[in-house]
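Printed here is start26.cif (mmCIF, N, CA and C atoms):
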data_work
#
loop_
_atom_site.label_atom_id
_atom_site.label_comp_id
_atom_site.auth_asym_id
_atom_site.auth_seq_id
_atom_site.Cartn_x
_atom_site.Cartn_y
_atom_site.Cartn_z
N VAL F 216 44.84 -7.60 26.30
CA VAL F 216 45.42 -6.84 25.21
C VAL F 216 44.56 -7.03 23.94
N TYR F 217 44.06 -8.27 23.73
CA TYR F 217 43.25 -8.56 22.54
C TYR F 217 41.96 -7.74 22.56
N ARG F 218 41.31 -7.65 23.72
CA ARG F 218 40.05 -6.91 23.83
C ARG F 218 40.26 -5.40 23.64
N MET F 219 41.43 -4.96 23.88
CA MET F 219 41.70 -3.52 23.69
C MET F 219 41.80 -3.19 22.20
N LYS F 220 42.38 -4.13 21.44
CA LYS F 220 42.53 -3.87 20.01
C LYS F 220 41.26 -4.25 19.23
N PHE F 221 40.67 -5.40 19.56
CA PHE F 221 39.46 -5.89 18.89
C PHE F 221 38.33 -5.96 19.92
N ASN F 222 37.14 -5.52 19.50
CA ASN F 222 36.02 -5.46 20.42
C ASN F 222 35.43 -6.83 20.71
N GLU F 223 35.47 -7.76 19.72
CA GLU F 223 34.87 -9.08 19.87
C GLU F 223 35.85 -10.14 19.39
N THR F 224 35.61 -11.38 19.86
CA THR F 224 36.40 -12.49 19.33
C THR F 224 35.79 -12.91 17.99
N TYR F 225 36.48 -13.80 17.29
CA TYR F 225 35.99 -14.26 15.99
C TYR F 225 34.66 -15.00 16.14
N ALA F 226 34.53 -15.82 17.18
CA ALA F 226 33.28 -16.55 17.42
C ALA F 226 32.13 -15.60 17.75
N GLU F 227 32.40 -14.57 18.56
CA GLU F 227 31.36 -13.60 18.90
C GLU F 227 30.94 -12.79 17.68
N MET F 228 31.89 -12.53 16.79
CA MET F 228 31.62 -11.74 15.59
C MET F 228 30.73 -12.53 14.61
N ASN F 229 30.91 -13.84 14.50
CA ASN F 229 30.16 -14.66 13.55
C ASN F 229 28.91 -15.28 14.15
N LYS F 230 28.60 -14.95 15.39
CA LYS F 230 27.42 -15.50 16.04
C LYS F 230 26.16 -15.02 15.32
N GLY F 231 25.19 -15.92 15.14
CA GLY F 231 23.95 -15.58 14.45
C GLY F 231 23.09 -14.64 15.27
N THR F 232 22.22 -13.95 14.57
CA THR F 232 21.30 -13.05 15.26
C THR F 232 19.92 -13.70 15.31
N ASN F 233 19.04 -13.11 16.06
CA ASN F 233 17.67 -13.61 16.17
C ASN F 233 16.71 -12.78 15.32
N GLU F 234 17.24 -12.15 14.27
CA GLU F 234 16.41 -11.32 13.41
C GLU F 234 15.37 -12.14 12.67
N TRP F 235 15.65 -13.43 12.38
CA TRP F 235 14.71 -14.26 11.65
C TRP F 235 13.41 -14.42 12.42
N LYS F 236 13.48 -14.40 13.75
CA LYS F 236 12.26 -14.52 14.55
C LYS F 236 11.37 -13.29 14.36
N THR F 237 11.98 -12.13 14.28
CA THR F 237 11.22 -10.90 14.06
C THR F 237 10.59 -10.89 12.67
N VAL F 238 11.35 -11.30 11.68
CA VAL F 238 10.83 -11.34 10.31
C VAL F 238 9.69 -12.35 10.20
N LEU F 239 9.87 -13.54 10.73
CA LEU F 239 8.82 -14.56 10.70
C LEU F 239 7.58 -14.11 11.46
N GLY F 240 7.78 -13.47 12.60
CA GLY F 240 6.64 -12.94 13.36
C GLY F 240 5.88 -11.88 12.58
N GLY F 241 6.60 -11.00 11.90
CA GLY F 241 5.95 -9.97 11.09
C GLY F 241 5.18 -10.56 9.92
N VAL F 242 5.77 -11.55 9.26
CA VAL F 242 5.09 -12.20 8.13
C VAL F 242 3.82 -12.90 8.61
N LEU F 243 3.90 -13.64 9.70
CA LEU F 243 2.72 -14.34 10.21
C LEU F 243 1.65 -13.36 10.71
N PHE F 244 2.08 -12.25 11.29
CA PHE F 244 1.12 -11.23 11.72
C PHE F 244 0.34 -10.69 10.54
N PHE F 245 1.03 -10.33 9.46
CA PHE F 245 0.34 -9.77 8.31
C PHE F 245 -0.49 -10.81 7.57
N LEU F 246 -0.07 -12.08 7.57
CA LEU F 246 -0.92 -13.13 7.01
C LEU F 246 -2.20 -13.28 7.82
N GLY F 247 -2.09 -13.23 9.14
CA GLY F 247 -3.27 -13.30 9.99
C GLY F 247 -4.19 -12.11 9.79
N LEU F 248 -3.61 -10.92 9.67
CA LEU F 248 -4.40 -9.72 9.43
C LEU F 248 -5.13 -9.80 8.09
N THR F 249 -4.45 -10.32 7.07
CA THR F 249 -5.08 -10.50 5.77
C THR F 249 -6.24 -11.49 5.86
N GLY F 250 -6.06 -12.57 6.60
CA GLY F 250 -7.15 -13.54 6.79
C GLY F 250 -8.35 -12.93 7.49
N VAL F 251 -8.11 -12.09 8.49
CA VAL F 251 -9.22 -11.43 9.19
C VAL F 251 -9.95 -10.48 8.24
N ILE F 252 -9.21 -9.75 7.42
CA ILE F 252 -9.83 -8.83 6.46
C ILE F 252 -10.67 -9.62 5.45
N LEU F 253 -10.16 -10.75 4.96
CA LEU F 253 -10.92 -11.55 4.00
C LEU F 253 -12.20 -12.11 4.62
N ILE F 254 -12.12 -12.57 5.85
CA ILE F 254 -13.31 -13.09 6.52
C ILE F 254 -14.32 -11.97 6.73
N TRP F 255 -13.85 -10.78 7.12
CA TRP F 255 -14.74 -9.64 7.30
C TRP F 255 -15.42 -9.27 6.00
N GLN F 256 -14.65 -9.25 4.90
CA GLN F 256 -15.23 -8.92 3.60
C GLN F 256 -16.28 -9.95 3.19
N LYS F 257 -15.99 -11.21 3.39
CA LYS F 257 -16.95 -12.25 3.01
C LYS F 257 -18.23 -12.12 3.82
N HIS F 258 -18.10 -11.75 5.07
CA HIS F 258 -19.27 -11.68 5.94
C HIS F 258 -20.09 -10.42 5.70
N PHE F 259 -19.45 -9.27 5.55
CA PHE F 259 -20.17 -8.00 5.51
C PHE F 259 -20.31 -7.39 4.11
N MET F 260 -19.40 -7.68 3.20
CA MET F 260 -19.43 -7.00 1.91
C MET F 260 -20.17 -7.80 0.84
N TYR F 261 -20.01 -9.11 0.86
CA TYR F 261 -20.62 -9.92 -0.18
C TYR F 261 -21.97 -10.44 0.30
N GLY F 262 -22.93 -10.45 -0.61
CA GLY F 262 -24.26 -10.94 -0.27
C GLY F 262 -24.33 -12.45 -0.41
N ALA F 263 -25.54 -12.92 -0.46
CA ALA F 263 -25.76 -14.35 -0.60
C ALA F 263 -25.40 -14.79 -2.03
N VAL F 264 -25.23 -16.07 -2.19
CA VAL F 264 -24.90 -16.63 -3.49
C VAL F 264 -26.12 -16.45 -4.40
N PRO F 265 -25.93 -16.02 -5.64
CA PRO F 265 -27.08 -15.80 -6.53
C PRO F 265 -27.87 -17.09 -6.76
N HIS F 266 -29.17 -16.92 -7.06
CA HIS F 266 -30.04 -18.08 -7.24
C HIS F 266 -29.65 -18.88 -8.48
N THR F 267 -28.88 -18.29 -9.37
CA THR F 267 -28.48 -19.00 -10.59
C THR F 267 -27.44 -20.08 -10.32
N PHE F 268 -26.93 -20.15 -9.10
CA PHE F 268 -25.99 -21.21 -8.75
C PHE F 268 -26.68 -22.40 -8.09
N SER F 269 -27.97 -22.33 -7.92
CA SER F 269 -28.68 -23.45 -7.30
C SER F 269 -28.72 -24.64 -8.25
N GLU F 270 -28.89 -25.80 -7.68
CA GLU F 270 -28.90 -27.04 -8.47
C GLU F 270 -30.08 -27.09 -9.43
N GLU F 271 -31.24 -26.58 -9.00
CA GLU F 271 -32.42 -26.59 -9.86
C GLU F 271 -32.20 -25.68 -11.08
N TRP F 272 -31.63 -24.52 -10.84
CA TRP F 272 -31.41 -23.57 -11.94
C TRP F 272 -30.41 -24.14 -12.94
N LEU F 273 -29.34 -24.74 -12.44
CA LEU F 273 -28.32 -25.30 -13.34
C LEU F 273 -28.87 -26.46 -14.16
N SER F 274 -29.71 -27.29 -13.54
CA SER F 274 -30.28 -28.40 -14.30
C SER F 274 -31.28 -27.89 -15.34
N ALA F 275 -32.06 -26.86 -15.00
CA ALA F 275 -33.00 -26.28 -15.97
C ALA F 275 -32.24 -25.61 -17.11
N GLN F 276 -31.15 -24.95 -16.79
CA GLN F 276 -30.35 -24.30 -17.83
C GLN F 276 -29.72 -25.34 -18.76
N THR F 277 -29.22 -26.42 -18.19
CA THR F 277 -28.63 -27.49 -19.01
C THR F 277 -29.68 -28.12 -19.91
N LYS F 278 -30.88 -28.36 -19.36
CA LYS F 278 -31.96 -28.93 -20.17
C LYS F 278 -32.34 -27.99 -21.31
N ARG F 279 -32.41 -26.70 -21.02
CA ARG F 279 -32.75 -25.72 -22.06
C ARG F 279 -31.69 -25.70 -23.15
N MET F 280 -30.43 -25.79 -22.76
CA MET F 280 -29.35 -25.80 -23.75
C MET F 280 -29.43 -27.06 -24.61
N LEU F 281 -29.78 -28.19 -24.00
CA LEU F 281 -29.92 -29.42 -24.77
C LEU F 281 -31.13 -29.35 -25.70
N ASP F 282 -32.22 -28.74 -25.23
CA ASP F 282 -33.42 -28.58 -26.08
C ASP F 282 -33.14 -27.68 -27.27
N MET F 283 -32.31 -26.67 -27.07
CA MET F 283 -31.96 -25.76 -28.16
C MET F 283 -30.84 -26.32 -29.03
N ARG F 284 -30.26 -27.45 -28.61
CA ARG F 284 -29.14 -28.10 -29.30
C ARG F 284 -27.99 -27.12 -29.53
N VAL F 285 -27.55 -26.55 -28.42
CA VAL F 285 -26.48 -25.56 -28.43
C VAL F 285 -25.15 -26.26 -28.72
N ASN F 286 -24.41 -25.76 -29.69
CA ASN F 286 -23.07 -26.22 -30.05
C ASN F 286 -23.05 -27.74 -30.28
N PRO F 287 -23.68 -28.20 -31.34
CA PRO F 287 -23.84 -29.64 -31.55
C PRO F 287 -22.57 -30.36 -32.03
N VAL F 288 -21.55 -29.64 -32.44
CA VAL F 288 -20.37 -30.31 -32.98
C VAL F 288 -19.41 -30.73 -31.88
N GLU F 289 -19.03 -29.80 -31.01
CA GLU F 289 -18.06 -30.12 -29.97
C GLU F 289 -18.54 -29.78 -28.57
N GLY F 290 -19.68 -29.16 -28.46
CA GLY F 290 -20.13 -28.65 -27.17
C GLY F 290 -20.97 -29.61 -26.39
N ILE F 291 -21.91 -29.04 -25.63
CA ILE F 291 -22.72 -29.82 -24.71
C ILE F 291 -23.66 -30.77 -25.44
N SER F 292 -24.19 -30.34 -26.58
CA SER F 292 -25.12 -31.21 -27.33
C SER F 292 -24.41 -32.39 -27.98
N ALA F 293 -23.13 -32.27 -28.20
CA ALA F 293 -22.38 -33.39 -28.77
C ALA F 293 -22.18 -34.50 -27.74
N GLN F 294 -22.28 -34.16 -26.44
CA GLN F 294 -22.09 -35.15 -25.38
C GLN F 294 -23.39 -35.81 -24.95
N TRP F 295 -24.52 -35.40 -25.50
CA TRP F 295 -25.84 -35.90 -25.09
C TRP F 295 -26.40 -36.83 -26.16
N ASP F 296 -26.88 -37.97 -25.73
CA ASP F 296 -27.52 -38.91 -26.64
C ASP F 296 -29.02 -38.63 -26.63
N PHE F 297 -29.54 -38.08 -27.73
CA PHE F 297 -30.94 -37.66 -27.79
C PHE F 297 -31.89 -38.85 -27.94
N ASP F 298 -31.38 -39.98 -28.43
CA ASP F 298 -32.24 -41.15 -28.58
C ASP F 298 -32.47 -41.83 -27.23
N LYS F 299 -31.40 -42.00 -26.46
CA LYS F 299 -31.51 -42.66 -25.15
C LYS F 299 -31.83 -41.67 -24.03
N ASN F 300 -31.73 -40.38 -24.32
CA ASN F 300 -32.00 -39.33 -23.34
C ASN F 300 -31.07 -39.43 -22.13
N GLU F 301 -29.77 -39.61 -22.42
CA GLU F 301 -28.75 -39.67 -21.35
C GLU F 301 -27.42 -39.22 -21.93
N TRP F 302 -26.45 -39.00 -21.04
CA TRP F 302 -25.12 -38.56 -21.49
C TRP F 302 -24.39 -39.70 -22.16
N LYS F 303 -23.66 -39.37 -23.22
CA LYS F 303 -22.87 -40.40 -23.90
C LYS F 303 -21.74 -40.85 -23.01
N LYS F 304 -21.37 -42.11 -23.19
CA LYS F 304 -20.30 -42.66 -22.38
C LYS F 304 -19.00 -42.72 -23.13
#

Could you quickly redo this structure as structure tokens?
Amino acid sequence: VYRMKFNETYAEMNKGTNEWKTVLGGVLFFLGLTGVILIWQKHFMYGAVPHTFSEEWLSAQTKRMLDMRVNPVEGISAQWDFDKNEWKK
């Protein structure tokens, strides 16, 4: 008689669904797809790192800035000891 009036019991009505698995799967799928796109872009779209990022270039640029005494009050020249030829401690 109960099943004729109500389609489900109270426990069947409040039972959880497995929708969270679908949502989590979709989120992880799109995160993976985004990672593949980023790797593809890094490999095929972007060139090599510019030569201005090399250690030799950066050291030459820093030396040139110190020789020109760039920003002597608070900048890079304020941190360099010109008498001892080393960074201030």

Which of chain F counts as alpha helix (DSSP H) under DSSP, as a ChimeraX atom specification please? /F:217-220,225-228,234-259,270-282

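One distance worth recording is that between atom C of Gln294 in chain F and CA of Leu281 in chain F, which is 9.1 Å.
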
Taking all atoms of range 226-244 of chain F that the file lists, what box with edges along x, y and z, padded by 6 Å per side, do you get, with centre and edge lengths in Å to one decimal, as AutoDock Vina command-line options?
--center_x 17.4 --center_y -13.3 --center_z 13.5 --size_x 46.2 --size_y 18.6 --size_z 22.8

Considering only strand (DSSP E) as DSSP defines it on the backbone, what residues of chain F qualify? List them as a ChimeraX atom specification. /F:295-296,301-302

Close residues, Ala293 in chain F itself excluded, 8 Å, only N, CA and C atoms, min 4 positions apart in chain, as a ChimeraX atom specification: /F:284-289,302-303

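For the pair CA of Asp298 in chain F and atom N of Asp282 in chain F, the interatomic distance is 12.9 Å.
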